Number of protein chains: 2
Amino acid sequence: MRLAIDVMSGDFGPRTSVPACMMALEHFPFLTLDLVGDPQAIQAYTSSLYHHRFRIVSAATTITQSASIGEALRGAVGSSMRVALEQVSSGLADGAVSAGNTGALVALSCKLIGCLEGIKRPAICAQLPRKDGCFFLLDCGANLTVSADQLHEFAVMGDALARGVGSVKTPRVALLNVGSEESKGNPVVRGAADKIGANKSICFDGFIEGHELFDSSVDVIVCDGFVGNVALKTTEGLALHLRDRVSMSVSRGWRRLFTPLTKLLLRKAVNWLNPRRYNGASLLGLSKVVVKSHGSANVEAFYAAIDCAIREVNAKLPQQIESQISQHSTEAN
Amino acid sequence: MRLAIDVMSGDFGPRTSVPACMMALEHFPFLTLDLVGDPQAIQAYTSSLYHHRFRIVSAATTITQSASIGEALRGAVGSSMRVALEQVSSGLADGAVSAGNTGALVALSCKLIGCLEGIKRPAICAQLPRKDGCFFLLDCGANLTVSADQLHEFAVMGDALARGVGSVKTPRVALLNVGSEESKGNPVVRGAADKIGANKSICFDGFIEGHELFDSSVDVIVCDGFVGNVALKTTEGLALHLRDRVSMSVSRGWRRLFTPLTKLLLRKAVNWLNPRRYNGASLLGLSKVVVKSHGSANVEAFYAAIDCAIREVNAKLPQQIESQISQHSTEAN
């Protein structure tokens, strides 16, 4: 398996992405990598131990985080993100990972790699922890306004991801809504409930509300990209804020004496929501595997994103999604 | 000042709401209350100390939490919620508090009390903690699909609330979005940004993302009711889940020895997000004050909701909102 890694994007560039690539080469003997970016900057972080399993693919520029999608597309030629995706579109690599500008990654992936038949635009799918295990949340920002059909599509794609990558035999799928009763929500969400409910391949659990996300046993939660983006970022923001607040509250006055003890006591609870463990959002609906890493990923987190791409390629995720979608449209016709 | 309290609704009925009313009578010497519900159930929890400052208003039924809005409206006659709102609409009370079915409360308030001129439907505004102080989030679920004009209306109402009740001199107002750049979001949000930006009475801070909610210094955050409902409930759900997870992680094995110490160490951090402190969501845009308490409110939390209603009546909030809206529409014409 060969992955193309955009090692230049993200807040820390090759300083974190290249060591993460070396870690991945160490853990996965079947893996080979294309490290895409500035050769000089990359070489400083590579390990000669794996020199026969990676190659450096030169790219002169990097798309900035603040670029608008238009700017990013115009200035994309020769950028590390575009070159990494070209490696995939030309068949030289099986999948790509980038920590760059999300909008640009979605737009360039659509343009260069293309969506599966019947899918207009990929959905961004993130993984989040719940009481026991984790769940997949999609869309997290690629489709701000959706139709009931698109929400149904997201359910199919999330179901395939939970089966193929999450190893869940019969994933439970729910729609994020403002209430759990059938009458609640807007017409799009209610229409999607009818469509997902009618799809016999999906184990549909109905509506789920925001306060149930972390205590449910649902595996896939579906919503439009605006709502998913806010839910995901609110979770990240609150988790980080609470972590800082706990650190602060045990670092003042006499409490300082107990800082090491508190850290030890709370290790499990803090680790549960460690965003690094859940790094790697999948762009579902593309004909090849593309994974987006958080821009602020450290080595461990970027490694998690590569791991995510490896599992998706292994599970032949795009083909799985394609076959489920075509199966459903055959049944529906 | 007289408030009508629906003491029957909510998970615990008069067992928590009536003691909270007695607490409010103790703290606010100018306050008199109408306790609306089943006289026998109410009397068990009243204190004779304040018997001259409350009266019991009989109501035979209670609207259930699970009732649809249609059912609630049909079955509302003689219910504690409806009778409490009628006390306000007939001018016998200055404001109402209920822990009942949110949809029914919004619908009945519109019908019995009515919206201010130019406002179609009230918005639900919740209060949430941020790093230093708190912020107001609206709409939290009354308006699932909104126009740019409505988001502008929410900004005006939130601004009036922050001034009148939050005692913020110049509230900073932001729009919740999927990115902070001007080009981000859907046309409704971008249109609202133009409208709020053009309103000279509002100090508009632009877009804010989900992860910034708890670390910003913004006082009012505006979004549609679907997004706000998910953001609010996700916050509540994660906070409660983390609290349970922390309790659990210090209650097993040798860690049990340190449970009291950990509780002491974390008291401040846990208290920061105590939902009881922030209970009381305002129905903004009505011509009178109506406050919704959380259904699961305990005595302390229900007291917070009464306190919220008192501050709104004191600040003459509906009149404030009305004058700001009419001032803006005069300027705009």
# chains A, B, ... in the order shown; residues from 1 in each chain; ligands from 1
>>> interface_residues(of="chain B", to="chain A", cutoff="9 Å", atoms="only C-alpha atoms", output="VMD selection string")
chain B and resid 66 68 131 141 144 to 145 176 to 178 181 183 to 186 209 to 215 225 to 242 245 to 246 248 to 250 255 258 262 265 to 270 272 to 273
>>> select_by_dssp(residues="stretch 129-313 of chain B", states="helix (DSSP H, G or I)", output="PDB file with C-alpha atoms, in the first residue's frame")
ATOM      1  CA  ALA B 148     -31.091  36.835   7.686  1.00  0.00           C
ATOM      2  CA  ASP B 149     -33.617  39.341   9.054  1.00  0.00           C
ATOM      3  CA  GLN B 150     -34.542  36.996  11.887  1.00  0.00           C
ATOM      4  CA  LEU B 151     -30.877  36.478  12.818  1.00  0.00           C
ATOM      5  CA  HIS B 152     -30.554  40.262  12.926  1.00  0.00           C
ATOM      6  CA  GLU B 153     -33.635  40.384  15.183  1.00  0.00           C
ATOM      7  CA  PHE B 154     -31.998  37.793  17.490  1.00  0.00           C
ATOM      8  CA  ALA B 155     -28.883  39.984  17.642  1.00  0.00           C
ATOM      9  CA  VAL B 156     -30.975  42.993  18.702  1.00  0.00           C
ATOM     10  CA  MET B 157     -32.832  40.969  21.344  1.00  0.00           C
ATOM     11  CA  GLY B 158     -29.656  39.333  22.683  1.00  0.00           C
ATOM     12  CA  ASP B 159     -28.000  42.748  22.845  1.00  0.00           C
ATOM     13  CA  ALA B 160     -30.921  44.121  24.916  1.00  0.00           C
ATOM     14  CA  LEU B 161     -30.767  41.097  27.230  1.00  0.00           C
ATOM     15  CA  ALA B 162     -27.013  41.430  27.775  1.00  0.00           C
ATOM     16  CA  ARG B 163     -27.430  45.136  28.574  1.00  0.00           C
ATOM     17  CA  GLY B 164     -30.533  44.859  30.759  1.00  0.00           C
ATOM     18  CA  PRO B 187     -26.090  32.816   2.349  1.00  0.00           C
ATOM     19  CA  VAL B 188     -28.398  33.312   5.372  1.00  0.00           C
ATOM     20  CA  VAL B 189     -25.506  33.687   7.802  1.00  0.00           C
ATOM     21  CA  ARG B 190     -23.540  35.912   5.426  1.00  0.00           C
ATOM     22  CA  GLY B 191     -26.638  38.028   4.813  1.00  0.00           C
ATOM     23  CA  ALA B 192     -27.198  38.348   8.554  1.00  0.00           C
ATOM     24  CA  ALA B 193     -23.597  39.485   8.999  1.00  0.00           C
ATOM     25  CA  ASP B 194     -24.247  42.354   6.562  1.00  0.00           C
ATOM     26  CA  LYS B 195     -27.426  43.345   8.391  1.00  0.00           C
ATOM     27  CA  ILE B 196     -25.977  43.163  11.910  1.00  0.00           C
ATOM     28  CA  GLY B 197     -22.798  44.906  10.741  1.00  0.00           C
ATOM     29  CA  ALA B 198     -24.931  47.755   9.382  1.00  0.00           C
ATOM     30  CA  GLY B 210     -17.843  26.292  17.852  1.00  0.00           C
ATOM     31  CA  HIS B 211     -14.412  25.784  19.424  1.00  0.00           C
ATOM     32  CA  GLU B 212     -14.192  29.451  20.415  1.00  0.00           C
ATOM     33  CA  GLY B 225     -32.640  27.330  16.450  1.00  0.00           C
ATOM     34  CA  PHE B 226     -31.417  23.997  15.085  1.00  0.00           C
ATOM     35  CA  VAL B 227     -27.734  24.875  15.417  1.00  0.00           C
ATOM     36  CA  GLY B 228     -28.240  26.585  18.791  1.00  0.00           C
ATOM     37  CA  ASN B 229     -30.191  23.640  20.172  1.00  0.00           C
ATOM     38  CA  VAL B 230     -27.457  21.199  19.133  1.00  0.00           C
ATOM     39  CA  ALA B 231     -24.671  23.451  20.468  1.00  0.00           C
ATOM     40  CA  LEU B 232     -26.451  23.930  23.819  1.00  0.00           C
ATOM     41  CA  LYS B 233     -27.361  20.280  24.301  1.00  0.00           C
ATOM     42  CA  THR B 234     -23.942  19.037  23.147  1.00  0.00           C
ATOM     43  CA  THR B 235     -22.366  21.306  25.765  1.00  0.00           C
ATOM     44  CA  GLU B 236     -24.715  20.048  28.492  1.00  0.00           C
ATOM     45  CA  GLY B 237     -24.239  16.422  27.473  1.00  0.00           C
ATOM     46  CA  LEU B 238     -20.466  16.591  27.338  1.00  0.00           C
ATOM     47  CA  ALA B 239     -20.235  18.465  30.646  1.00  0.00           C
ATOM     48  CA  LEU B 240     -22.392  15.887  32.439  1.00  0.00           C
ATOM     49  CA  HIS B 241     -20.586  12.993  30.778  1.00  0.00           C
ATOM     50  CA  LEU B 242     -17.182  14.345  31.777  1.00  0.00           C
ATOM     51  CA  ARG B 243     -18.363  14.935  35.337  1.00  0.00           C
ATOM     52  CA  ASP B 244     -19.528  11.321  35.564  1.00  0.00           C
ATOM     53  CA  ARG B 245     -16.325  10.098  33.971  1.00  0.00           C
ATOM     54  CA  VAL B 246     -14.194  12.023  36.473  1.00  0.00           C
ATOM     55  CA  SER B 247     -16.274  10.728  39.410  1.00  0.00           C
ATOM     56  CA  MET B 248     -15.945   7.207  38.050  1.00  0.00           C
ATOM     57  CA  SER B 249     -12.213   7.433  37.486  1.00  0.00           C
ATOM     58  CA  GLY B 253      -9.488   0.807  43.440  1.00  0.00           C
ATOM     59  CA  TRP B 254      -6.844   2.810  45.328  1.00  0.00           C
ATOM     60  CA  ARG B 255      -8.153   6.028  43.771  1.00  0.00           C
ATOM     61  CA  ARG B 256     -11.177   5.864  46.082  1.00  0.00           C
ATOM     62  CA  LEU B 257      -8.931   7.026  48.920  1.00  0.00           C
ATOM     63  CA  PHE B 258      -8.570  10.348  47.168  1.00  0.00           C
ATOM     64  CA  THR B 259     -12.199  10.978  46.197  1.00  0.00           C
ATOM     65  CA  PRO B 260     -12.819  13.728  48.798  1.00  0.00           C
ATOM     66  CA  LEU B 261      -9.508  15.404  47.953  1.00  0.00           C
ATOM     67  CA  THR B 262     -10.193  15.310  44.210  1.00  0.00           C
ATOM     68  CA  LYS B 263     -13.657  16.755  44.738  1.00  0.00           C
ATOM     69  CA  LEU B 264     -12.129  19.596  46.713  1.00  0.00           C
ATOM     70  CA  LEU B 265      -9.421  20.168  44.111  1.00  0.00           C
ATOM     71  CA  LEU B 266     -11.849  20.220  41.220  1.00  0.00           C
ATOM     72  CA  ARG B 267     -14.687  22.080  42.909  1.00  0.00           C
ATOM     73  CA  LYS B 268     -14.031  25.313  41.041  1.00  0.00           C
ATOM     74  CA  ALA B 269     -13.645  23.658  37.660  1.00  0.00           C
ATOM     75  CA  VAL B 270     -16.791  21.569  38.102  1.00  0.00           C
ATOM     76  CA  ASN B 271     -18.771  24.484  39.476  1.00  0.00           C
ATOM     77  CA  TRP B 272     -17.878  26.603  36.459  1.00  0.00           C
ATOM     78  CA  PRO B 275     -25.886  23.722  34.633  1.00  0.00           C
ATOM     79  CA  ARG B 276     -27.898  24.740  37.696  1.00  0.00           C
ATOM     80  CA  ARG B 277     -26.145  28.091  37.800  1.00  0.00           C
ATOM     81  CA  TYR B 278     -27.259  28.836  34.254  1.00  0.00           C
ATOM     82  CA  VAL B 299     -34.434  23.629  43.815  1.00  0.00           C
ATOM     83  CA  GLU B 300     -31.288  25.678  43.223  1.00  0.00           C
ATOM     84  CA  ALA B 301     -31.770  25.573  39.452  1.00  0.00           C
ATOM     85  CA  PHE B 302     -35.474  26.467  39.552  1.00  0.00           C
ATOM     86  CA  TYR B 303     -34.591  29.360  41.838  1.00  0.00           C
ATOM     87  CA  ALA B 304     -32.098  30.536  39.176  1.00  0.00           C
ATOM     88  CA  ALA B 305     -34.909  30.551  36.603  1.00  0.00           C
ATOM     89  CA  ILE B 306     -37.131  32.677  38.897  1.00  0.00           C
ATOM     90  CA  ASP B 307     -34.182  35.000  39.499  1.00  0.00           C
ATOM     91  CA  CYS B 308     -33.798  35.319  35.737  1.00  0.00           C
ATOM     92  CA  ALA B 309     -37.456  36.317  35.326  1.00  0.00           C
ATOM     93  CA  ILE B 310     -37.134  38.876  38.143  1.00  0.00           C
ATOM     94  CA  ARG B 311     -34.148  40.516  36.463  1.00  0.00           C
ATOM     95  CA  GLU B 312     -35.963  40.650  33.124  1.00  0.00           C
ATOM     96  CA  VAL B 313     -39.068  42.250  34.634  1.00  0.00           C
TER      97      VAL B 313
END
>>> closest_residue(among="B:Ser326, B:Asn101, B:Ser80, B:Asn314", to="B:Val165", atoms="only C-alpha atoms")
B:Asn314
>>> closest_residue(among="A:Arg55, A:His328, A:Lys292, A:Lys316", to="A:Gly100", atoms="only C-alpha atoms")
A:Lys292
>>> select_by_dssp(residues="stretch 136-300 of chain A", states="strand (DSSP E)", output="MDAnalysis selection string")
chainID A and resid 136:138 172:176 203:208 220:222 281:284 289:292
